[in-house]
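Engineer: See my_file-v2.tsv below, with TSV, C-alpha atoms.
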```tsv
chain	number	residue	atom	x	y	z
A	250	MET	CA	79.31	68.94	130.30
A	251	ASN	CA	77.31	71.73	131.88
A	252	GLN	CA	75.65	73.40	128.89
A	253	ALA	CA	74.83	76.62	130.72
A	254	PHE	CA	78.50	77.00	131.63
A	255	LEU	CA	79.58	76.44	128.02
A	256	ASN	CA	76.92	78.79	126.68
A	257	GLN	CA	78.23	81.72	128.70
A	258	ILE	CA	81.73	81.32	127.28
A	259	THR	CA	80.39	80.72	123.78
A	260	GLU	CA	78.16	83.80	123.73
A	261	PHE	CA	80.99	86.01	124.93
A	262	VAL	CA	83.79	84.77	122.68
A	263	PHE	CA	81.84	84.06	119.49
A	264	ALA	CA	80.42	87.51	118.73
A	265	GLU	CA	78.20	87.64	115.64
A	266	HIS	CA	75.66	90.06	114.18
A	267	GLU	CA	73.16	90.33	111.38
A	268	LEU	CA	74.75	92.19	108.48
A	269	GLU	CA	73.50	95.30	106.73
A	270	PRO	CA	75.19	97.72	104.33
A	271	ALA	CA	78.25	99.35	105.85
A	272	ASP	CA	80.97	101.85	105.01
A	273	ILE	CA	83.86	99.38	105.14
A	274	ILE	CA	84.90	95.78	105.78
A	275	PHE	CA	87.84	95.31	108.15
A	276	ILE	CA	90.05	92.20	108.08
A	277	PRO	CA	92.54	91.78	110.96
A	278	GLY	CA	95.84	90.29	109.83
A	279	SER	CA	96.09	86.55	109.26
A	280	GLY	CA	97.55	83.84	107.08
A	281	HIS	CA	94.14	82.24	106.64
A	282	PRO	CA	92.78	83.02	103.16
A	283	GLN	CA	89.18	82.36	104.20
A	284	LEU	CA	89.05	85.80	105.82
A	285	ALA	CA	89.68	87.55	102.51
A	286	GLU	CA	87.69	85.02	100.49
A	287	GLU	CA	84.56	85.54	102.52
A	288	ALA	CA	85.12	89.31	102.77
A	289	ALA	CA	85.26	89.36	98.97
A	290	GLY	CA	81.89	87.62	98.94
A	291	LEU	CA	80.45	90.32	101.18
A	292	TYR	CA	81.89	92.99	98.89
A	293	HIS	CA	80.28	91.39	95.84
A	294	GLN	CA	76.96	91.37	97.70
A	295	GLY	CA	77.26	95.16	97.82
A	296	LEU	CA	77.64	95.34	101.59
A	297	ALA	CA	80.52	97.86	101.57
A	298	PRO	CA	82.55	99.90	99.06
A	299	TRP	CA	85.91	99.42	100.81
A	300	ILE	CA	87.87	96.52	102.29
A	301	LEU	CA	90.80	97.17	104.63
A	302	PRO	CA	93.02	94.16	105.33
A	303	SER	CA	95.52	94.95	108.06
A	304	GLY	CA	98.75	93.32	109.07
A	305	ARG	CA	102.51	93.05	108.71
A	306	TYR	CA	103.28	89.85	110.58
A	307	SER	CA	103.00	88.39	114.05
A	308	ILE	CA	105.08	90.15	116.67
A	309	THR	CA	105.99	86.73	118.11
A	310	THR	CA	107.66	85.50	114.90
A	311	GLY	CA	109.01	88.70	113.36
A	312	GLU	CA	108.09	87.53	109.87
A	313	PHE	CA	105.08	86.45	107.86
A	314	SER	CA	104.37	82.89	108.96
A	315	GLY	CA	103.09	81.90	105.55
A	316	VAL	CA	99.79	80.69	104.17
A	317	LEU	CA	98.07	78.69	106.91
A	318	ASP	CA	95.38	77.01	104.84
A	319	LYS	CA	94.66	76.16	101.18
A	320	GLN	CA	98.36	76.32	100.38
A	321	GLU	CA	97.67	74.59	97.07
A	322	CYS	CA	95.62	77.62	95.97
A	323	TYR	CA	97.98	80.34	97.18
A	324	GLN	CA	101.59	79.46	96.37
A	325	GLY	CA	103.04	82.92	95.98
A	326	SER	CA	105.65	84.62	98.13
A	327	TYR	CA	104.25	87.20	100.54
A	328	GLU	CA	106.20	89.59	102.77
A	329	THR	CA	103.28	90.67	104.94
A	330	GLU	CA	99.79	89.60	105.94
A	331	TRP	CA	98.45	92.53	103.94
A	332	ASP	CA	100.29	91.38	100.81
A	333	PHE	CA	98.69	87.96	101.16
A	334	LEU	CA	95.16	89.05	102.07
A	335	SER	CA	95.03	91.75	99.39
A	336	GLN	CA	96.16	89.25	96.76
A	337	VAL	CA	93.37	86.88	97.78
A	338	LEU	CA	90.87	89.73	97.46
A	339	LEU	CA	92.12	90.56	93.98
A	340	GLU	CA	91.96	86.92	92.91
A	341	LYS	CA	88.35	86.84	94.13
A	342	GLY	CA	87.43	89.74	91.88
A	343	VAL	CA	87.62	92.71	94.24
A	344	PRO	CA	88.96	95.71	92.28
A	345	LYS	CA	92.31	97.04	93.44
A	346	SER	CA	90.73	100.48	93.90
A	347	ALA	CA	88.47	99.09	96.64
A	348	VAL	CA	91.31	97.53	98.69
A	349	LEU	CA	92.91	99.85	101.23
A	350	LYS	CA	96.37	99.28	102.68
A	351	GLU	CA	97.67	98.81	106.22
A	352	ASN	CA	100.84	96.71	106.40
A	353	GLN	CA	102.49	97.70	109.69
A	354	ALA	CA	100.41	96.03	112.42
A	355	THR	CA	101.97	93.12	114.31
A	356	TYR	CA	99.09	92.21	116.68
A	357	THR	CA	95.34	92.70	116.90
A	358	TYR	CA	95.36	95.97	118.83
A	359	GLU	CA	97.69	97.46	116.22
A	360	ASN	CA	95.33	96.22	113.47
A	361	ALA	CA	92.71	98.52	114.96
A	362	ILE	CA	95.10	101.41	115.70
A	363	TYR	CA	96.66	101.53	112.24
A	364	SER	CA	93.36	100.90	110.47
A	365	ARG	CA	92.00	104.00	112.19
A	366	GLN	CA	95.00	105.96	110.94
A	367	VAL	CA	94.30	104.80	107.39
A	368	THR	CA	90.61	105.73	107.42
A	369	ASP	CA	91.30	109.06	109.13
A	370	GLY	CA	94.01	109.79	106.58
A	371	MET	CA	91.49	109.27	103.78
A	372	GLY	CA	88.89	111.38	105.51
A	373	LEU	CA	86.47	108.45	105.70
A	374	GLU	CA	83.61	108.68	108.18
A	375	ILE	CA	82.96	105.14	109.37
A	376	LYS	CA	79.43	105.03	110.72
A	377	LYS	CA	78.93	101.30	110.16
A	378	ALA	CA	81.57	98.63	109.67
A	379	ILE	CA	81.74	94.90	109.11
A	380	LEU	CA	84.50	93.08	110.98
A	381	CYS	CA	85.48	89.84	109.28
A	382	SER	CA	87.27	87.53	111.72
A	383	LYS	CA	87.93	83.95	112.71
A	384	PRO	CA	84.98	82.79	114.84
A	385	TYR	CA	86.95	82.37	118.08
A	386	HIS	CA	88.80	85.65	117.53
A	387	ALA	CA	85.59	87.64	117.11
A	388	ARG	CA	85.13	89.16	120.57
A	389	ARG	CA	88.73	90.29	121.00
A	390	CYS	CA	88.73	91.87	117.54
A	391	LEU	CA	85.46	93.61	118.27
A	392	LEU	CA	86.70	95.02	121.57
A	393	TYR	CA	89.83	96.46	119.97
A	394	TYR	CA	88.08	97.97	116.97
A	395	GLN	CA	85.32	99.42	119.15
A	396	LEU	CA	88.01	101.02	121.29
A	397	LEU	CA	89.47	102.80	118.25
A	398	TYR	CA	86.13	103.52	116.59
A	399	PRO	CA	83.88	104.38	119.55
A	400	ASP	CA	81.20	106.02	117.38
A	401	THR	CA	80.96	103.19	114.84
A	402	GLN	CA	78.32	100.48	114.74
A	403	PHE	CA	80.19	97.20	114.23
A	404	MET	CA	78.76	94.03	112.75
A	405	VAL	CA	80.94	90.98	113.30
A	406	TYR	CA	81.03	88.41	110.52
A	407	PRO	CA	82.77	85.24	111.73
A	408	ILE	CA	83.96	83.26	108.71
A	409	LYS	CA	82.03	80.09	107.96
A	410	ASP	CA	85.00	78.12	106.63
A	411	SER	CA	86.63	77.41	109.99
A	412	LYS	CA	86.84	74.11	111.81
A	413	ILE	CA	86.51	75.84	115.19
A	414	GLN	CA	82.96	77.18	115.55
A	415	ARG	CA	80.61	78.07	118.39
A	416	GLU	CA	78.89	74.68	118.06
A	417	ASN	CA	81.98	72.52	118.48
A	418	TRP	CA	84.86	74.37	120.17
A	419	PHE	CA	84.54	72.45	123.43
A	420	LEU	CA	84.70	69.03	121.75
A	421	THR	CA	88.43	69.09	120.99
A	422	GLU	CA	91.61	70.01	122.82
A	423	GLU	CA	92.54	72.46	120.06
A	424	GLY	CA	89.19	74.24	120.19
A	425	THR	CA	89.29	74.48	123.96
A	426	ARG	CA	92.85	75.81	123.88
A	427	LEU	CA	92.02	78.47	121.30
A	428	VAL	CA	88.81	79.69	122.94
A	429	LEU	CA	90.09	79.75	126.50
A	430	GLY	CA	93.26	81.34	125.17
A	431	GLU	CA	91.11	84.20	123.91
A	432	LEU	CA	89.70	84.72	127.40
A	433	GLU	CA	93.22	84.79	128.80
A	434	ARG	CA	94.40	87.33	126.21
A	435	ILE	CA	91.44	89.59	126.78
A	436	GLY	CA	92.15	89.63	130.50
A	437	THR	CA	95.88	90.20	130.11
A	438	GLN	CA	95.85	92.68	127.25
A	439	PHE	CA	92.96	94.82	128.42
A	440	HIS	CA	94.45	95.05	131.90
A	441	GLU	CA	97.32	97.00	130.32
A	442	ILE	CA	95.03	99.05	128.08
A	443	MET	CA	92.79	100.06	130.95
A	444	ARG	CA	95.81	101.08	133.03
A	445	GLU	CA	96.88	103.37	130.17
A	446	MET	CA	93.36	104.79	129.98
A	447	ARG	CA	93.39	105.60	133.69
A	448	GLU	CA	96.84	107.19	133.51
A	449	HIS	CA	96.11	109.13	130.31
A	450	PRO	CA	92.35	109.89	130.31
```
Can I see the file as structure tokens?
Structural biologist:
Amino acid sequence: MNQAFLNQITEFVFAEHELEPADIIFIPGSGHPQLAEEAAGLYHQGLAPWILPSGRYSITTGEFSGVLDKQECYQGSYETEWDFLSQVLLEKGVPKSAVLKENQATYTYENAIYSRQVTDGMGLEIKKAILCSKPYHARRCLLYYQLLYPDTQFMVYPIKDSKIQRENWFLTEEGTRLVLGELERIGTQFHEIMREMREHP
């Protein structure tokens, strides 16, 4: 395979930054516990005083799709992605007082929209934020959150416990489907967003 070709896709999709202390850790909605597990680790390192998991369920299913990994560790019943992710955070020792709530979002753009409503409602000034995401979801998450928090410095933390990483995504059909699917979604979804921005500047 042409490595230069692959590198361009990899560098775009798999956003990642060096971490430094921030005002908050954002977690876009998911049924993967690793997002909350690793966010809890960042919290315990003292990297942020707040964690905001976001999510109701996927708009495509209309209900929480369930725990997608480590089902043997998380056997409870969860109505929303937020219910699940917040429970993982609590089990990993994050105090309830540090976990903020957003349980209405049904897709990534809404994760960013409703998270902004939560932080604005609390009067929080978010100068720096850590965005904890699946590795192949990193760029799309970053674009959405930057759109809603234009004055915030974001640091993307792609979780380490994921079988699809920047080093191997092109080696399997699943990895290729997920990564190229992200490119397709960015093109489709931001076409609509940019039309709205032109019509309502």
Engineer: For CA of Lys345 (chain A) and CA of Ser411 (chain A), determine how far apart the two atoms are, in Å to one decimal place.
Structural biologist: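 If I compute the distance from CA of Lys345 (chain A) to CA of Ser411 (chain A), I get 26.3 Å.
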Engineer: Please identify all polymer residues within 10 Å of region 414-429 of chain A, counting all atoms listed in the file, omitting same-chain residues fewer than 5 positions from it, and present them as a ChimeraX atom specification.
Structural biologist: /A:250,255-256,258-260,262-264,383-386,407-409,434-435
Engineer: Pick out the residues sitting within 12 Å of Met404 (chain A), and hand them over as a ChimeraX atom specification; count only C-alpha atoms, and ignore anything fewer than 3 positions along from it in its own chain.
Structural biologist: /A:264-275,296-297,376-382,387-388,390-392,394-395,401,407
Engineer: Which residue is closest to Val367 (chain A)? Choose from A:His281, A:Lys350, A:Arg444, A:His293 and count all atoms listed in the file.
Structural biologist: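 Comparing A:His281, A:Lys350, A:Arg444, A:His293 against Val367 (chain A), the winner is A:Lys350.
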Engineer: Of the candidates A:Thr357, A:Gln320, A:Ser364, A:Leu339, which one gets nearest to Pro302 (chain A) if we count all atoms listed in the file?
Structural biologist: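 Counting all atoms listed in the file, the residue closest to Pro302 (chain A) is A:Ser364.
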Engineer: For Glu431 (chain A), which of A:Gln402, A:Arg389, A:Gly295, A:Pro282 is the closest residue, counting all atoms listed in the file?
Structural biologist: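 Among A:Gln402, A:Arg389, A:Gly295, A:Pro282, it is A:Arg389 that comes nearest to Glu431 (chain A).
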Engineer: So that I can see what lies close to Gly342 (chain A), please list as a VMD selection string the residues with an atom at most 12 Å from it, counting only C-alpha atoms and leaving out residues fewer than 5 positions away in the same chain.
Structural biologist: chain A and resid 285 to 293 335 to 337 347 to 348
Engineer: Output C-alpha atoms for every residue in the selection just made, as a CSV table (one decimal), in the frame of the given file.
Structural biologist:
```
chain,number,residue,atom,x,y,z
A,285,ALA,CA,89.7,87.6,102.5
A,286,GLU,CA,87.7,85.0,100.5
A,287,GLU,CA,84.6,85.5,102.5
A,288,ALA,CA,85.1,89.3,102.8
A,289,ALA,CA,85.3,89.4,99.0
A,290,GLY,CA,81.9,87.6,98.9
A,291,LEU,CA,80.4,90.3,101.2
A,292,TYR,CA,81.9,93.0,98.9
A,293,HIS,CA,80.3,91.4,95.8
A,335,SER,CA,95.0,91.8,99.4
A,336,GLN,CA,96.2,89.2,96.8
A,337,VAL,CA,93.4,86.9,97.8
A,347,ALA,CA,88.5,99.1,96.6
A,348,VAL,CA,91.3,97.5,98.7
```
Engineer: Calculate how many Å separate CA of Asn360 (chain A) from CA of Ser307 (chain A), rounding to one decimal.
Structural biologist: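 Between CA of Asn360 (chain A) and CA of Ser307 (chain A) the gap is 11.0 Å.
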Engineer: Figure out the distance between CA of Trp331 (chain A) and CA of Asp400 (chain A), please, to one decimal in Å.
Structural biologist: 25.7 Å
Engineer: Return the single residue from A:Pro277, A:Leu373, A:Ile300, A:Leu284 that is closest to Ala354 (chain A), with distances computed using only C-alpha atoms.
Structural biologist: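 Selected residue with least distance to Ala354 (chain A): A:Pro277.
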Engineer: Could you work out an axis-aligned bounding box for all listed atoms of region 403-407 of chain A, with 8 Å added on each of the six sides, and give its centre and edge lengths in Å to one decimal, as AutoDock Vina command-line options?
Structural biologist:
```
--center_x 80.8 --center_y 91.2 --center_z 112.4 --size_x 20.0 --size_y 28.0 --size_z 19.7
```
Engineer: Please provide as a list in words all residues within 12 Å of Glu359 (chain A), with the sequence filter that same-chain residues fewer than 3 positions apart are discarded (counting only C-alpha atoms).
Structural biologist: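 Counting only C-alpha atoms, the residues come to Pro277, Gly278, Ser303, Gly304, Arg305, Tyr306, Ser307, Ile308, Glu351, Asn352, Gln353, Ala354, Thr355, Tyr356, Ile362, Tyr363, Ser364, Arg365, Gln366, Val367, Cys390, Tyr393, Tyr394, Leu396 and Leu397 of chain A.
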Engineer: Considering all atoms listed in the file, can you say which of A:Asp410, A:Glu441, A:Glu448, A:Glu433 comes closest to Asp318 (chain A)?
Structural biologist: A:Asp410
Engineer: Considering only C-alpha atoms, can you say which of A:Glu312, A:Gln283, A:Glu328, A:Arg447 comes closest to Lys341 (chain A)?
Structural biologist: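 Answer, going by the shortest atom-to-atom distance: A:Gln283.
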Engineer: Can you sort out region 276-310 of chain A so it carries N, CA and C atoms, written as an mmCIF file, in the coordinates of the input?
Structural biologist:
```cif
data_model
loop_
_atom_site.group_PDB
_atom_site.id
_atom_site.type_symbol
_atom_site.label_atom_id
_atom_site.label_comp_id
_atom_site.auth_asym_id
_atom_site.auth_seq_id
_atom_site.Cartn_x
_atom_site.Cartn_y
_atom_site.Cartn_z
ATOM 1 N N ILE A 276 89.510 93.555 107.931
ATOM 2 C CA ILE A 276 90.050 92.200 108.080
ATOM 3 C C ILE A 276 91.315 92.299 108.930
ATOM 4 N N PRO A 277 91.297 91.831 110.181
ATOM 5 C CA PRO A 277 92.540 91.780 110.960
ATOM 6 C C PRO A 277 93.515 90.792 110.341
ATOM 7 N N GLY A 278 94.799 91.057 110.484
ATOM 8 C CA GLY A 278 95.840 90.290 109.830
ATOM 9 C C GLY A 278 95.804 88.801 110.135
ATOM 10 N N SER A 279 96.136 88.002 109.114
ATOM 11 C CA SER A 279 96.090 86.550 109.260
ATOM 12 C C SER A 279 96.725 85.894 108.044
ATOM 13 N N GLY A 280 97.103 84.638 108.212
ATOM 14 C CA GLY A 280 97.550 83.840 107.080
ATOM 15 C C GLY A 280 96.481 82.896 106.584
ATOM 16 N N HIS A 281 95.262 83.059 107.076
ATOM 17 C CA HIS A 281 94.140 82.240 106.640
ATOM 18 C C HIS A 281 93.408 82.924 105.488
ATOM 19 N N PRO A 282 93.409 82.351 104.309
ATOM 20 C CA PRO A 282 92.780 83.020 103.160
ATOM 21 C C PRO A 282 91.279 83.154 103.272
ATOM 22 N N GLN A 283 90.644 82.309 104.096
ATOM 23 C CA GLN A 283 89.180 82.360 104.200
ATOM 24 C C GLN A 283 88.680 83.737 104.611
ATOM 25 N N LEU A 284 89.463 84.464 105.399
ATOM 26 C CA LEU A 284 89.050 85.800 105.820
ATOM 27 C C LEU A 284 88.826 86.705 104.607
ATOM 28 N N ALA A 285 89.794 86.713 103.700
ATOM 29 C CA ALA A 285 89.680 87.550 102.510
ATOM 30 C C ALA A 285 88.687 86.962 101.512
ATOM 31 N N GLU A 286 88.647 85.648 101.409
ATOM 32 C CA GLU A 286 87.690 85.020 100.490
ATOM 33 C C GLU A 286 86.258 85.392 100.847
ATOM 34 N N GLU A 287 85.930 85.266 102.112
ATOM 35 C CA GLU A 287 84.560 85.540 102.520
ATOM 36 C C GLU A 287 84.278 87.056 102.554
ATOM 37 N N ALA A 288 85.295 87.853 102.853
ATOM 38 C CA ALA A 288 85.120 89.310 102.770
ATOM 39 C C ALA A 288 84.843 89.726 101.330
ATOM 40 N N ALA A 289 85.508 89.075 100.376
ATOM 41 C CA ALA A 289 85.260 89.360 98.970
ATOM 42 C C ALA A 289 83.802 89.052 98.622
ATOM 43 N N GLY A 290 83.289 87.956 99.162
ATOM 44 C CA GLY A 290 81.890 87.620 98.940
ATOM 45 C C GLY A 290 80.956 88.698 99.467
ATOM 46 N N LEU A 291 81.272 89.234 100.620
ATOM 47 C CA LEU A 291 80.450 90.320 101.180
ATOM 48 C C LEU A 291 80.528 91.570 100.303
ATOM 49 N N TYR A 292 81.733 91.847 99.786
ATOM 50 C CA TYR A 292 81.890 92.990 98.890
ATOM 51 C C TYR A 292 81.025 92.816 97.643
ATOM 52 N N HIS A 293 81.046 91.633 97.063
ATOM 53 C CA HIS A 293 80.280 91.390 95.840
ATOM 54 C C HIS A 293 78.771 91.407 96.102
ATOM 55 N N GLN A 294 78.374 91.227 97.354
ATOM 56 C CA GLN A 294 76.960 91.370 97.700
ATOM 57 C C GLN A 294 76.559 92.844 97.844
ATOM 58 N N GLY A 295 77.536 93.730 97.725
ATOM 59 C CA GLY A 295 77.260 95.160 97.820
ATOM 60 C C GLY A 295 77.159 95.670 99.235
ATOM 61 N N LEU A 296 77.790 94.951 100.193
ATOM 62 C CA LEU A 296 77.640 95.340 101.590
ATOM 63 C C LEU A 296 78.587 96.461 102.024
ATOM 64 N N ALA A 297 79.611 96.752 101.232
ATOM 65 C CA ALA A 297 80.520 97.860 101.570
ATOM 66 C C ALA A 297 81.356 98.210 100.349
ATOM 67 N N PRO A 298 81.740 99.488 100.210
ATOM 68 C CA PRO A 298 82.550 99.900 99.060
ATOM 69 C C PRO A 298 84.051 99.738 99.256
ATOM 70 N N TRP A 299 84.484 99.522 100.505
ATOM 71 C CA TRP A 299 85.910 99.420 100.810
ATOM 72 C C TRP A 299 86.182 98.146 101.617
ATOM 73 N N ILE A 300 87.382 97.596 101.417
ATOM 74 C CA ILE A 300 87.870 96.520 102.290
ATOM 75 C C ILE A 300 89.255 96.926 102.769
ATOM 76 N N LEU A 301 89.491 96.825 104.071
ATOM 77 C CA LEU A 301 90.800 97.170 104.630
ATOM 78 C C LEU A 301 91.403 95.975 105.350
ATOM 79 N N PRO A 302 92.233 95.187 104.637
ATOM 80 C CA PRO A 302 93.020 94.160 105.330
ATOM 81 C C PRO A 302 94.148 94.862 106.089
ATOM 82 N N SER A 303 94.482 94.330 107.242
ATOM 83 C CA SER A 303 95.520 94.950 108.060
ATOM 84 C C SER A 303 96.507 93.896 108.519
ATOM 85 N N GLY A 304 97.788 94.223 108.465
ATOM 86 C CA GLY A 304 98.750 93.320 109.070
ATOM 87 C C GLY A 304 100.102 93.281 108.372
ATOM 88 N N ARG A 305 101.137 93.267 109.196
ATOM 89 C CA ARG A 305 102.510 93.050 108.710
ATOM 90 C C ARG A 305 102.855 91.589 108.924
ATOM 91 N N TYR A 306 103.074 91.239 110.184
ATOM 92 C CA TYR A 306 103.280 89.850 110.580
ATOM 93 C C TYR A 306 103.150 89.768 112.080
ATOM 94 N N SER A 307 103.163 88.556 112.614
ATOM 95 C CA SER A 307 103.000 88.390 114.050
ATOM 96 C C SER A 307 104.229 88.891 114.797
ATOM 97 N N ILE A 308 103.973 89.632 115.864
ATOM 98 C CA ILE A 308 105.080 90.150 116.670
ATOM 99 C C ILE A 308 105.894 89.025 117.290
ATOM 100 N N THR A 309 105.288 87.858 117.476
ATOM 101 C CA THR A 309 105.990 86.730 118.110
ATOM 102 C C THR A 309 106.977 86.047 117.178
ATOM 103 N N THR A 310 106.770 86.174 115.860
ATOM 104 C CA THR A 310 107.660 85.500 114.900
ATOM 105 C C THR A 310 108.600 86.463 114.191
#
```
